[in-house]
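Printed here is structure16.cif (mmCIF, C-alpha atoms):
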```cif
data_work
#
loop_
_atom_site.group_PDB
_atom_site.id
_atom_site.type_symbol
_atom_site.label_atom_id
_atom_site.label_comp_id
_atom_site.auth_asym_id
_atom_site.auth_seq_id
_atom_site.Cartn_x
_atom_site.Cartn_y
_atom_site.Cartn_z
ATOM 1 C CA MET A 1 -25.579 38.799 -3.052
ATOM 2 C CA LEU A 2 -23.512 36.661 -5.413
ATOM 3 C CA ASP A 3 -25.454 34.506 -7.857
ATOM 4 C CA PRO A 4 -24.386 30.832 -7.453
ATOM 5 C CA LYS A 5 -24.378 30.288 -11.228
ATOM 6 C CA ARG A 6 -22.026 33.232 -11.728
ATOM 7 C CA PHE A 7 -19.810 31.982 -8.940
ATOM 8 C CA GLU A 8 -19.615 28.524 -10.566
ATOM 9 C CA GLU A 9 -18.866 30.122 -13.928
ATOM 10 C CA LEU A 10 -16.107 32.237 -12.401
ATOM 11 C CA THR A 11 -14.651 29.198 -10.662
ATOM 12 C CA ALA A 12 -14.687 27.213 -13.906
ATOM 13 C CA ARG A 13 -12.996 30.040 -15.816
ATOM 14 C CA LEU A 14 -10.312 30.455 -13.158
ATOM 15 C CA GLY A 15 -9.719 26.717 -13.157
ATOM 16 C CA ALA A 16 -9.330 26.739 -16.938
ATOM 17 C CA LEU A 17 -6.916 29.674 -16.729
ATOM 18 C CA VAL A 18 -4.759 27.921 -14.136
ATOM 19 C CA ALA A 19 -4.822 24.680 -16.134
ATOM 20 C CA ALA A 20 -3.658 26.509 -19.250
ATOM 21 C CA SER A 21 -1.020 28.585 -17.469
ATOM 22 C CA PRO A 22 2.598 27.763 -16.672
ATOM 23 C CA ALA A 23 1.492 27.282 -13.058
ATOM 24 C CA ALA A 24 -0.134 23.987 -14.047
ATOM 25 C CA ASP A 25 3.136 22.819 -15.616
ATOM 26 C CA LEU A 26 5.015 23.908 -12.530
ATOM 27 C CA GLU A 27 2.605 21.952 -10.332
ATOM 28 C CA LYS A 28 2.945 18.830 -12.501
ATOM 29 C CA ASN A 29 6.744 19.080 -12.478
ATOM 30 C CA ALA A 30 6.863 19.645 -8.732
ATOM 31 C CA ARG A 31 4.550 16.692 -8.163
ATOM 32 C CA ALA A 32 6.688 14.448 -10.382
ATOM 33 C CA LEU A 33 9.830 15.587 -8.566
ATOM 34 C CA LEU A 34 8.302 14.856 -5.159
ATOM 35 C CA VAL A 35 6.972 11.464 -6.268
ATOM 36 C CA GLY A 36 10.432 10.539 -7.531
ATOM 37 C CA PHE A 37 12.007 11.702 -4.281
ATOM 38 C CA PHE A 38 9.583 9.742 -2.099
ATOM 39 C CA GLU A 39 9.947 6.599 -4.218
ATOM 40 C CA LYS A 40 13.670 6.589 -3.433
ATOM 41 C CA LEU A 41 12.969 6.636 0.299
ATOM 42 C CA ASP A 42 12.210 3.412 2.125
ATOM 43 C CA LEU A 43 8.666 4.340 3.182
ATOM 44 C CA VAL A 44 5.620 2.231 3.972
ATOM 45 C CA SER A 45 1.964 3.099 3.642
ATOM 46 C CA ARG A 46 -0.081 3.992 6.698
ATOM 47 C CA GLU A 47 -2.139 0.838 6.195
ATOM 48 C CA GLU A 48 0.959 -1.368 6.170
ATOM 49 C CA PHE A 49 2.299 0.434 9.246
ATOM 50 C CA ASP A 50 -0.983 -0.130 11.122
ATOM 51 C CA VAL A 51 -0.998 -3.839 10.196
ATOM 52 C CA GLN A 52 2.588 -4.285 11.404
ATOM 53 C CA THR A 53 1.764 -2.417 14.625
ATOM 54 C CA GLN A 54 -1.074 -4.847 15.336
ATOM 55 C CA ILE A 55 1.169 -7.849 14.595
ATOM 56 C CA LEU A 56 3.804 -6.484 16.972
ATOM 57 C CA LEU A 57 1.202 -5.888 19.674
ATOM 58 C CA ARG A 58 -0.048 -9.487 19.418
ATOM 59 C CA ALA A 59 3.525 -10.796 19.505
ATOM 60 C CA ARG A 60 4.261 -8.789 22.657
ATOM 61 C CA GLU A 61 1.106 -10.150 24.299
ATOM 62 C CA ARG A 62 2.097 -13.747 23.439
ATOM 63 C CA ILE A 63 5.625 -13.195 24.744
ATOM 64 C CA ALA A 64 4.269 -11.814 28.013
ATOM 65 C CA ALA A 65 1.958 -14.832 28.367
ATOM 66 C CA LEU A 66 4.818 -17.255 27.650
ATOM 67 C CA GLU A 67 7.054 -15.469 30.171
ATOM 68 C CA ALA A 68 4.321 -15.779 32.795
ATOM 69 C CA ARG A 69 3.954 -19.510 32.047
ATOM 70 C CA LEU A 70 7.695 -20.000 32.255
ATOM 71 C CA ASP A 71 7.871 -18.171 35.584
ATOM 72 C CA ALA A 72 5.054 -20.358 36.932
ATOM 73 C CA LEU A 73 6.798 -23.528 35.736
ATOM 74 C CA GLU A 74 10.107 -22.458 37.277
ATOM 75 C CA LYS A 75 8.420 -21.836 40.636
ATOM 76 C CA GLN A 76 6.904 -25.324 40.773
ATOM 77 C CA PRO A 77 8.783 -27.750 43.018
ATOM 78 C CA ARG A 78 10.740 -30.436 41.186
ATOM 79 C CA GLN A 79 9.558 -33.975 41.584
#
```
Will you turn the file into structure tokens for me?
Amino acid sequence: MLDPKRFEELTARLGALVAASPAADLEKNARALLVGFFEKLDLVSREEFDVQTQILLRARERIAALEARLDALEKQPRQ
């Protein structure tokens, strides 16, 4: 069975090797490239999207209520 301390040591050494290798630079460059690409797009965060969805839902509900009131008023006989 694998000793947990040895496994942690191996993991730490592999992490240090990857951090010191060109792969780490490649990852950083790729991340910077993707961040730059996404910043140019007109994107919103999930939180902002959810807030706007709730606002739209409430607006639709109010419009439906106002349409129902208007229909009721139009059906009333004129005096």
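If you look at atom CA of Val44 of chain A and atom CA of Leu57 of chain A, they are 18.2 Å away from each other.
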Using atom CA of Gln54 of chain A and atom CA of Val35 of chain A as the two end points, give the distance in Å to one decimal.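 Distance reported for this atom pair: 28.2 Å.
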I'd like the interatomic distance between atom CA of Ala16 of chain A and atom CA of Leu34 of chain A, to a tenth of an Å.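 Result for atom CA of Ala16 of chain A versus atom CA of Leu34 of chain A: 24.3 Å, one decimal.
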